[in-house]
Structures are given as C-alpha cells and as structure tokens.
$ cat upload25.cif   # mmCIF, C-alpha atoms
data_final
loop_
_atom_site.label_atom_id
_atom_site.label_comp_id
_atom_site.auth_asym_id
_atom_site.auth_seq_id
_atom_site.Cartn_x
_atom_site.Cartn_y
_atom_site.Cartn_z
CA MET A 1 0.38 22.08 -35.08
CA THR A 2 0.93 21.62 -31.37
CA LEU A 3 4.00 22.42 -29.31
CA SER A 4 6.35 19.72 -28.11
CA LYS A 5 6.33 18.79 -24.43
CA GLU A 6 9.75 20.36 -23.86
CA LEU A 7 8.78 23.63 -25.46
CA ILE A 8 5.55 23.80 -23.47
CA ALA A 9 7.46 23.19 -20.24
CA ALA A 10 10.01 25.87 -21.10
CA SER A 11 7.49 28.47 -22.18
CA THR A 12 5.01 28.10 -19.33
CA THR A 13 6.81 30.41 -16.92
CA PRO A 14 7.31 33.32 -19.37
CA LEU A 15 3.71 32.96 -20.58
CA VAL A 16 2.24 33.05 -17.08
CA LEU A 17 4.50 35.89 -15.93
CA SER A 18 3.76 37.92 -19.07
CA ILE A 19 0.01 37.72 -18.53
CA LEU A 20 0.32 38.52 -14.85
CA GLU A 21 2.55 41.48 -15.63
CA ARG A 22 -0.37 43.02 -17.53
CA GLU A 23 -3.03 42.32 -14.94
CA GLU A 24 -3.83 40.05 -12.01
CA CYS A 25 -5.70 37.00 -13.04
CA TYR A 26 -7.16 33.67 -11.84
CA GLY A 27 -6.28 30.26 -13.19
CA TYR A 28 -9.16 29.65 -15.56
CA ALA A 29 -8.88 33.09 -17.19
CA LEU A 30 -5.11 32.60 -17.56
CA ILE A 31 -5.56 29.39 -19.53
CA LYS A 32 -8.33 30.89 -21.58
CA GLN A 33 -6.16 33.83 -22.56
CA ILE A 34 -3.31 31.63 -23.64
CA ARG A 35 -5.70 29.47 -25.64
CA GLN A 36 -7.17 32.46 -27.40
CA LEU A 37 -3.84 34.19 -28.07
CA SER A 38 -2.38 31.04 -29.56
CA GLY A 39 -5.50 30.22 -31.54
CA ASP A 40 -5.98 27.01 -29.51
CA ARG A 41 -2.55 25.75 -30.48
CA ILE A 42 -1.02 26.08 -27.05
CA ALA A 43 -3.37 23.91 -25.02
CA TRP A 44 -2.07 22.61 -21.72
CA SER A 45 -3.79 19.98 -19.72
CA ASP A 46 -5.73 22.54 -17.65
CA GLY A 47 -4.84 21.13 -14.26
CA MET A 48 -1.11 21.37 -14.89
CA LEU A 49 -1.22 25.15 -14.63
CA TYR A 50 -1.92 25.03 -10.90
CA PRO A 51 1.21 23.18 -9.78
CA VAL A 52 3.15 25.67 -11.93
CA LEU A 53 1.45 28.57 -10.17
CA ARG A 54 2.25 26.95 -6.83
CA ARG A 55 5.92 26.62 -7.79
CA LEU A 56 6.13 30.24 -8.93
CA GLU A 57 4.52 31.29 -5.67
CA THR A 58 6.97 29.24 -3.60
CA GLN A 59 9.79 30.89 -5.53
CA GLY A 60 8.34 34.29 -4.63
CA LEU A 61 7.79 35.31 -8.26
CA ILE A 62 4.03 35.67 -7.84
CA SER A 63 1.60 35.94 -4.94
CA SER A 64 -2.04 34.96 -4.56
CA ALA A 65 -5.09 36.14 -2.65
CA TRP A 66 -8.59 34.72 -2.26
CA ARG A 67 -11.48 36.93 -3.21
CA SER A 68 -15.11 36.16 -3.83
CA ALA A 69 -16.03 36.11 -7.50
CA ASP A 70 -19.30 37.27 -9.04
CA THR A 71 -20.38 33.61 -9.07
CA GLY A 72 -20.42 33.70 -5.26
CA ARG A 73 -17.58 31.19 -5.01
CA ARG A 74 -14.22 32.20 -3.67
CA ARG A 75 -11.53 32.51 -6.26
CA ARG A 76 -7.74 32.72 -6.06
CA TYR A 77 -6.24 35.67 -7.91
CA TYR A 78 -2.56 35.81 -8.81
CA ARG A 79 -0.36 38.83 -9.19
CA ILE A 80 3.25 39.29 -10.15
CA GLU A 81 5.86 40.29 -7.57
CA ASN A 82 9.02 42.33 -8.09
CA ASP A 83 11.15 39.19 -8.28
CA GLY A 84 8.76 37.95 -10.94
CA ARG A 85 9.24 41.09 -13.00
CA GLN A 86 13.00 40.70 -12.81
CA GLU A 87 12.73 37.04 -13.78
CA LEU A 88 10.48 37.96 -16.68
CA ALA A 89 13.00 40.54 -17.90
CA ARG A 90 15.69 37.86 -17.88
CA LEU A 91 13.47 35.39 -19.69
CA ARG A 92 12.49 38.01 -22.27
CA GLU A 93 16.15 38.61 -23.13
CA GLN A 94 16.75 34.88 -23.54
CA TRP A 95 13.71 34.26 -25.72
CA ASN A 96 14.42 37.35 -27.80
CA LEU A 97 17.96 36.15 -28.35
CA VAL A 98 16.85 32.69 -29.49
CA GLY A 99 14.09 34.23 -31.63
CA SER A 100 16.37 36.72 -33.33
CA VAL A 101 19.08 34.17 -34.07
CA LEU A 102 16.58 31.74 -35.55
CA GLY A 103 14.91 34.55 -37.48
CA ARG A 104 18.17 35.63 -39.06
CA LEU A 105 19.16 32.08 -39.88
CA TRP A 106 15.88 31.43 -41.58
CA GLN A 107 15.77 34.66 -43.56
CA GLU A 108 19.30 35.44 -44.66
CA ASP A 109 21.48 33.71 -47.18
CA PRO A 110 23.49 30.69 -46.10
CA LEU A 111 26.45 31.68 -43.93
CA CYS A 112 28.75 28.68 -44.15
CA SER A 113 29.25 28.29 -47.87
CA THR A 114 31.66 30.69 -49.53
CA MET B 17 -30.74 11.77 -13.98
CA PHE B 18 -27.40 13.51 -13.95
CA ASP B 19 -26.77 15.79 -10.96
CA LEU B 20 -23.91 18.21 -11.55
CA ASN B 21 -23.29 18.99 -7.87
CA GLU B 22 -23.21 15.30 -7.03
CA ALA B 23 -20.79 14.58 -9.85
CA ILE B 24 -18.55 17.45 -8.78
CA GLY B 25 -18.70 16.20 -5.18
CA ALA B 26 -17.53 12.75 -6.28
CA TRP B 27 -14.83 14.28 -8.45
CA ARG B 28 -13.66 16.39 -5.51
CA ARG B 29 -13.43 13.33 -3.27
CA ARG B 30 -11.32 11.54 -5.88
CA MET B 31 -8.99 14.53 -6.18
CA GLY B 32 -8.92 15.08 -2.42
CA ALA B 33 -7.82 11.50 -1.72
CA ASN B 34 -4.32 12.70 -2.55
CA PRO B 35 -2.61 14.41 0.38
CA ASP B 36 -0.49 16.51 -1.97
CA ILE B 37 -3.57 18.38 -3.17
CA GLN B 38 -4.43 20.86 -0.45
CA GLU B 39 -7.90 22.06 0.45
CA GLY B 40 -7.21 25.42 -1.21
CA ASP B 41 -6.01 23.71 -4.37
CA LEU B 42 -9.23 21.68 -4.39
CA ASP B 43 -11.35 24.84 -4.15
CA GLU B 44 -9.36 26.38 -6.97
CA LEU B 45 -9.66 23.30 -9.17
CA GLU B 46 -13.38 23.05 -8.48
CA ASP B 47 -13.86 26.68 -9.46
CA HIS B 48 -11.95 25.93 -12.65
CA LEU B 49 -14.09 22.87 -13.32
CA ARG B 50 -17.33 24.81 -12.84
CA GLU B 51 -16.13 27.60 -15.12
CA GLY B 52 -15.21 25.03 -17.72
CA VAL B 53 -18.63 23.35 -17.46
CA ALA B 54 -20.38 26.71 -17.84
CA ASP B 55 -18.34 27.58 -20.94
CA LEU B 56 -18.91 24.20 -22.54
CA ARG B 57 -22.63 24.43 -21.82
CA GLN B 58 -22.72 27.70 -23.72
CA GLY B 59 -20.99 25.89 -26.53
CA GLY B 60 -24.00 23.58 -26.76
CA LEU B 61 -23.07 20.52 -24.69
CA ASN B 62 -25.50 19.17 -22.12
CA GLU B 63 -24.60 19.20 -18.45
CA GLU B 64 -23.23 15.68 -18.30
CA GLU B 65 -21.13 16.01 -21.45
CA ALA B 66 -19.81 19.38 -20.31
CA PHE B 67 -18.82 17.91 -16.94
CA LEU B 68 -17.06 14.94 -18.51
CA VAL B 69 -15.08 17.09 -20.93
CA ALA B 70 -14.15 19.69 -18.32
CA ALA B 71 -13.07 17.04 -15.80
CA ARG B 72 -11.00 15.30 -18.47
CA ARG B 73 -9.31 18.56 -19.38
CA LEU B 74 -8.25 19.07 -15.78
CA GLY B 75 -6.38 15.81 -15.93
CA ASP B 76 -5.78 12.66 -13.96
CA PRO B 77 -5.77 13.12 -10.14
CA GLU B 78 -2.66 10.99 -9.59
CA VAL B 79 -0.62 12.80 -12.24
CA LEU B 80 -1.79 16.17 -10.95
CA ALA B 81 -0.94 15.24 -7.35
CA GLY B 82 2.53 14.26 -8.50
CA GLU B 83 2.97 17.66 -10.12
CA PHE B 84 1.83 19.42 -6.96
CA ALA B 85 4.28 17.36 -4.91
CA THR B 86 7.22 18.33 -7.12
CA ALA B 87 6.10 21.97 -7.21
CA ASP B 88 6.48 22.27 -3.44
CA PRO B 89 8.60 19.41 -2.08
CA GLY B 90 8.48 20.59 1.55
CA LEU B 91 4.69 20.56 1.66
CA ARG B 92 4.19 17.01 2.88
CA ARG B 93 6.67 17.46 5.67
CA ARG B 94 5.01 20.68 6.82
CA VAL B 95 1.53 19.15 6.82
CA ARG B 96 2.78 16.15 8.75
CA LEU B 97 4.52 18.35 11.30
CA ARG B 98 1.38 20.43 11.70
CA TRP B 99 -0.62 17.31 12.55
CA MET B 100 2.03 16.21 15.01
CA VAL B 101 1.83 19.54 16.81
CA VAL B 102 -1.96 19.38 16.87
CA GLY B 103 -1.75 15.87 18.34
CA ALA B 104 0.72 16.97 21.00
CA LEU B 105 -1.50 19.90 21.93
CA ALA B 106 -4.53 17.62 22.16
CA ILE B 107 -2.67 15.33 24.54
CA LEU B 108 -1.65 18.28 26.71
CA VAL B 109 -5.24 19.52 26.84
CA LEU B 110 -6.50 16.07 27.81
CA ARG B 111 -3.81 15.83 30.47
CA PHE B 112 -4.76 19.19 31.86
CA PHE B 113 -8.41 18.20 31.89
CA GLY B 114 -7.51 14.99 33.70
CA ASP B 115 -5.50 16.90 36.28
CA VAL B 116 -8.36 19.26 37.03
CA MET B 117 -10.90 16.45 37.31
CA ALA B 118 -8.58 14.45 39.55
CA ASP B 119 -8.04 17.48 41.77
CA PHE B 120 -11.78 17.92 42.14
CA LEU B 121 -12.17 14.25 42.92
CA THR B 122 -9.36 14.32 45.46
CA GLY B 123 -10.88 17.33 47.12
CA GLY B 124 -14.29 15.74 47.28
CA MET B 125 -13.00 12.45 48.64
CA ALA B 126 -10.75 14.10 51.17
CA PHE B 127 -13.85 15.87 52.32
CA MET B 128 -15.46 12.47 52.83
CA ASN B 129 -12.34 11.22 54.72
CA ALA B 130 -11.28 8.63 52.14
CA GLY B 131 -7.87 6.98 52.62
CA PRO B 132 -4.89 8.01 50.45
CA GLN B 133 -4.76 4.63 48.73
CA LEU B 134 -8.33 4.90 47.51
CA LEU B 135 -7.62 8.48 46.42
CA GLY B 136 -4.63 7.38 44.36
CA TRP B 137 -6.54 4.60 42.68
CA THR B 138 -9.58 6.65 41.75
CA SER B 139 -7.62 9.61 40.41
CA GLY B 140 -5.42 7.26 38.41
CA ILE B 141 -8.41 5.47 36.94
CA LEU B 142 -10.08 8.80 36.17
CA ARG B 143 -7.06 10.14 34.29
CA LEU B 144 -6.75 6.94 32.31
CA THR B 145 -10.45 7.04 31.44
CA ILE B 146 -10.21 10.61 30.19
CA LEU B 147 -7.23 9.77 27.98
CA LEU B 148 -9.06 6.72 26.66
CA VAL B 149 -12.23 8.69 25.92
CA GLY B 150 -10.11 11.33 24.15
CA GLY B 151 -8.44 8.63 22.10
CA LEU B 152 -11.81 7.11 21.19
CA LEU B 153 -13.15 10.51 20.11
CA PHE B 154 -10.09 10.98 17.91
CA TRP B 155 -10.64 7.52 16.43
CA ARG B 156 -14.28 8.40 15.69
CA LEU B 157 -13.18 11.63 14.05
CA LEU B 158 -10.82 9.74 11.77
CA ALA B 159 -13.42 7.08 10.96
CA SER B 160 -16.16 9.57 10.19
CA ASP B 161 -13.95 11.99 8.29
CA ALA B 162 -14.61 11.95 4.57
CA ALA B 163 -10.92 12.65 4.12
CA ALA B 164 -9.89 9.65 6.21
CA GLY B 165 -8.12 8.11 3.26
CA ARG B 166 -6.17 11.28 2.77
CA ILE B 167 -5.10 11.32 6.41
CA ARG B 168 -4.03 7.71 6.26
CA LYS B 169 -2.02 8.28 3.09
CA LEU B 170 -0.17 11.08 4.79
CA GLY B 171 1.04 8.67 7.46
CA ILE B 172 -0.81 10.46 10.26
CA TRP B 173 -0.84 7.29 12.31
CA SER B 174 2.91 7.04 12.49
CA ALA B 175 3.17 10.81 12.93
CA GLY B 176 0.58 10.73 15.73
CA VAL B 177 2.29 7.88 17.52
CA MET B 178 5.63 9.64 17.15
CA SER B 179 4.30 12.91 18.55
CA MET B 180 2.65 11.09 21.44
CA LEU B 181 5.87 9.29 22.25
CA LEU B 182 7.89 12.51 22.04
CA VAL B 183 5.54 14.44 24.33
CA SER B 184 5.36 11.58 26.83
CA LEU B 185 9.14 11.29 26.76
CA ALA B 186 9.55 15.04 27.31
CA LEU B 187 7.13 14.95 30.23
CA LEU B 188 8.84 11.88 31.69
CA ILE B 189 12.31 13.35 31.38
CA GLY B 190 11.08 16.64 32.82
CA ALA B 191 9.47 14.94 35.81
CA ALA B 192 12.41 12.61 36.37
CA SER B 193 14.96 15.40 36.21
CA LEU B 194 12.89 17.48 38.61
CA ARG B 195 12.64 14.62 41.07
CA GLY B 196 16.26 13.71 40.57
CA GLY B 197 17.36 17.31 40.91
CA SER B 198 15.47 17.89 44.13
CA GLY B 199 16.69 14.57 45.48
CA TRP B 200 20.25 15.55 44.69
CA LEU B 201 19.79 18.92 46.36
CA LEU B 202 18.49 17.16 49.45
CA GLY B 203 21.41 14.74 49.27
CA VAL B 204 24.09 17.43 49.14
CA GLY B 205 22.60 18.75 52.30
CA VAL B 206 20.42 21.74 51.84
CA HIS B 207 19.63 23.12 55.22
CA SER B 208 16.16 22.09 56.26
CA SER B 209 15.12 25.71 56.68
CA HIS B 210 15.62 26.17 52.89
CA LEU B 211 13.34 23.28 51.98
CA PRO B 212 10.10 25.27 51.60
CA ALA B 213 11.88 27.72 49.30
CA MET B 214 13.34 24.83 47.30
CA SER B 215 9.99 23.17 46.86
CA LEU B 216 8.50 26.49 45.81
CA ILE B 217 11.19 26.92 43.13
CA THR B 218 10.58 23.37 41.91
CA TYR B 219 6.89 24.10 41.81
CA TRP B 220 7.35 27.29 39.79
CA PHE B 221 9.72 25.56 37.44
CA ARG B 222 7.17 22.82 36.83
CA ALA B 223 4.36 25.30 36.33
CA GLY B 224 6.51 27.31 33.93
CA LEU B 225 7.33 24.19 31.95
CA LEU B 226 3.66 23.23 31.73
CA LEU B 227 2.80 26.74 30.58
CA LEU B 228 5.66 27.08 28.11
CA LEU B 229 5.21 23.76 26.34
CA PRO B 230 1.72 24.54 24.94
CA LEU B 231 2.86 28.07 24.09
CA LEU B 232 5.83 26.71 22.18
CA LEU B 233 3.57 24.26 20.37
CA LEU B 234 1.12 27.03 19.49
CA LEU B 235 3.99 29.12 18.15
CA LEU B 236 5.15 26.23 16.02
CA LEU B 237 1.61 25.73 14.73
CA TRP B 238 1.37 29.40 13.82
CA LEU B 239 4.68 29.23 11.98
CA LEU B 240 3.48 26.21 10.03
CA ALA B 241 0.06 27.67 9.18
CA ARG B 242 1.51 31.01 8.10
CA PRO B 243 1.60 31.59 4.36
CA ARG B 244 4.98 30.79 3.00
CA GLY B 245 7.43 33.61 2.57
CA LYS B 246 9.69 34.20 -0.37
CA THR B 247 12.40 31.66 -0.77
CA ARG B 248 14.71 33.90 -2.70
#
$ encode --input "upload25.cif" --output "structure tokens"
Amino acid sequence: MTLSKELIAASTTPLVLSILEREECYGYALIKQIRQLSGDRIAWSDGMLYPVLRRLETQGLISSAWRSADTGRRRRYYRIENDGRQELARLREQWNLVGSVLGRLWQEDPLCST
Amino acid sequence: MFDLNEAIGAWRRRMGANPDIQEGDLDELEDHLREGVADLRQGGLNEEEAFLVAARRLGDPEVLAGEFATADPGLRRRVRLRWMVVGALAILVLRFFGDVMADFLTGGMAFMNAGPQLLGWTSGILRLTILLVGGLLFWRLLASDAAAGRIRKLGIWSAGVMSMLLVSLALLIGAASLRGGSGWLLGVGVHSSHLPAMSLITYWFRAGLLLLLPLLLLLLLWLLARPRGKTR
C-alpha cells in the first residue's frame, strides 16, 4: 500500500515538523526516518523534500545552518522555530480530529439507521 | 571504468543548469546523493548501480527545479537583481579606473606641453579602451564559466544591459542636471565673487554622488545576499 499523492502532499509538513521538533536533522536522515517509521510505505521522491524544506524555511517555520559532517563534506541541518512549533500544534489538532472521527465511524455501530 | 566522482560531477552540472536550483541546494542534493550511494553500496550494489538508483531516487532535474521555483517564488527576481547590482558596481569600478588613468595621462602629457585637443582625444580613447577591455573580460568570464548556461537561462544578458542603461542614465541625468543647475545659477546672476564657492559646492555634490552611489549599491547587495528573514 502506498499513499495517494494528495495525502502525501498534505502530510509532508506535519511529518517534517514532527521530526524536527524531536531533534535537528539533515535532509537525508529525515527521509530515512520517515521511511523506517512507515515501514517503507511512505516513500517520497527524495529530491522533493528539499523544496518543501525551502518553503518551510521561507515561511519561518524552520531554520537551517551549515555544519561540516563526519564525512568531511558540509551539511545543512534544519531545526524547528517557534512559529513551527505553533504550526505543528495546529496541525496536530486537525489530524487528531480527522483521525478520531474516522476511528469512531469505523468502529462504532452505524449511526444513520434507526 | 565507472568513476563515481566523474558521474556525480556530470549529474551536478545537469542539476545546476537550472537557475532555480541554488549553489547551496546543489551541495545539499549532492550530499544526499553520496549518502544514498553509500547506503546502497552497503546493501550490496556496485558503485555504478548504486549511483544510478540514488540519482533516480532524487528525481528529474526539471521537475525538481520547478518545485524549488514554486517553493520560493521571489528567488529568481532576487538573484537577477543581485546580478544587476554587481554589474552596476563593475561599471562604476571600471569608470573610476578610467578616470584615474586618464588623470595620470593628462598630467603626464601636460608635463610634456601637449595641446588640449590631443589631451582630450587620448583620455577619451583610453577610457573607451578600459571599458572595452572590461567588457571583454566579462565576456570571457561568461564563456569560460561552467555555469554559463545557467546564467543565460536567468536572463542575465537582458538584466546586464538593463543595469548598464540605468547606471548610464543616472550618471547622464546627474551630470546634465549639475551642468544645467550651475548654468541656471550663472544665468540668474550670481555675483562673480561667489563663483569659486559655487564651483566648490558643485564639486562636493558631484564627489558625494560618486561616493554614495557605490555605497548604495553595496547596501543593496548586502540586503540581497542576507539570509531571508521570517515572512510571518
């Protein structure tokens, strides 16, 4: 099972912000984490993450800094900003709402028939 | 024989041909590519296979460039403006260089008792030559630059011509208004004893203008190069 395009587009921001809320991270590790957590079922085209990161940075939700990695190359690390935390809180409410409504609909007895 | 660094170099040039992918983005993508290759190699692929898979995973350059462009719509405009400012600064520097050389020449020829006509001609030709040589150097830079395609795609030519026209126009208007202004002052009858003071003021004004213009341009460049602030 893979996610639809629309769902991937909608979930990218909360996924990225959620990871960055835990720790600062660079692009490759971000994608790897999402792959692992989803058991390879959420697999973006790798490159697409970077324009998303750029957009989030332009919006002031995250910030980035270059540091040299243990490979000797320079690497761009991302961290969440306060605005990003607030945005994530909003997104969490929305996704929780959708999740709980769907969960109830799928578990409980039919509501419309009397 | 497959050479990973060569392949990555070629890949980078393909990606970099798009002006919407910045140098920093390229570095980041290359780091990603190399990480991907290393991981795939551990998974048992050979170097060439690992490179092909990792590059494919990163996606098509054109599509990616499009995504970058929509992620930050003002980017192109800012880059273009930055080049315009650089071009304007380069012209000012060349002009300054020409002025200094012409002054030296004038001094030297006056020393040798050359007539004013000859002086005018030689200093004019010298200035023109310096501008031409500067232009040629710029041309060479563009021709030799590996990112020449990128620059052309960005419309640097039109931007460069525009910035040149704007600076020339500003200088022309400045000079004309100075001349016109002093002529008008003379016309309305400034007493002849005030003339030295007037010419001094004009001189200072001109010097101030010549000093302020590069400073303003440098300020603009700094503003453009600065990391973007929050938009919200």
$ atom_distance --input "upload25.cif" --atom1 "atom CA of A:Ser64" --atom2 "atom CA of B:Ala23"
28.2 Å
$ interface_residues --input "upload25.cif" --of "chain B" --to "chain A" --cutoff "12 Å" --atoms "all atoms listed in the file" --output "PyMOL selection string"
chain B and resi 31+36-38+40-55+69-91+243-248
$ resolve_selection --input "upload25.cif" --expression "the PyMOL selection byres ((chain B and resi 226-241) around 7)" --output "JSON, numbers by chain"
{"B": [94, 98, 101, 105, 222, 223, 224, 225, 242, 243]}
$ write_last_selection --input "upload25.cif" --atoms "C-alpha atoms" --output "compact mmCIF listing (two decimals), keeping the file's coordinate frame"
# COMPACT_ATOMS: atom_id res chain seq x y z
CA ARG B 94 5.01 20.68 6.82
CA ARG B 98 1.38 20.43 11.70
CA VAL B 101 1.83 19.54 16.81
CA LEU B 105 -1.50 19.90 21.93
CA ARG B 222 7.17 22.82 36.83
CA ALA B 223 4.36 25.30 36.33
CA GLY B 224 6.51 27.31 33.93
CA LEU B 225 7.33 24.19 31.95
CA ARG B 242 1.51 31.01 8.10
CA PRO B 243 1.60 31.59 4.36
$ residues_around --input "upload25.cif" --residues "A:Glu23" --least-positions-apart "5" --cutoff "10 Å" --atoms "only C-alpha atoms" --output "ChimeraX atom specification"
/A:17-18,78-80
$ write_last_selection --input "upload25.cif" --atoms "C-alpha atoms" --output "mmCIF file, in the coordinates of the input"
data_model
loop_
_atom_site.group_PDB
_atom_site.id
_atom_site.type_symbol
_atom_site.label_atom_id
_atom_site.label_comp_id
_atom_site.auth_asym_id
_atom_site.auth_seq_id
_atom_site.Cartn_x
_atom_site.Cartn_y
_atom_site.Cartn_z
ATOM 1 C CA LEU A 17 4.500 35.890 -15.930
ATOM 2 C CA SER A 18 3.760 37.920 -19.070
ATOM 3 C CA TYR A 78 -2.560 35.810 -8.810
ATOM 4 C CA ARG A 79 -0.360 38.830 -9.190
ATOM 5 C CA ILE A 80 3.250 39.290 -10.150
#
$ resolve_selection --input "upload25.cif" --expression "the PyMOL selection byres ((chain B and resi 179-190) around 12)" --output "JSON, numbers by chain"
{"B": [96, 97, 98, 99, 100, 101, 102, 103, 104, 105, 106, 107, 108, 111, 147, 151, 172, 173, 174, 175, 176, 177, 178, 191, 192, 193, 194, 195, 196, 197, 218, 221, 222, 223, 224, 225, 226, 229, 230, 233]}
$ atom_distance --input "upload25.cif" --atom1 "atom CA of A:Ile31" --atom2 "atom CA of A:Ser68"
19.6 Å
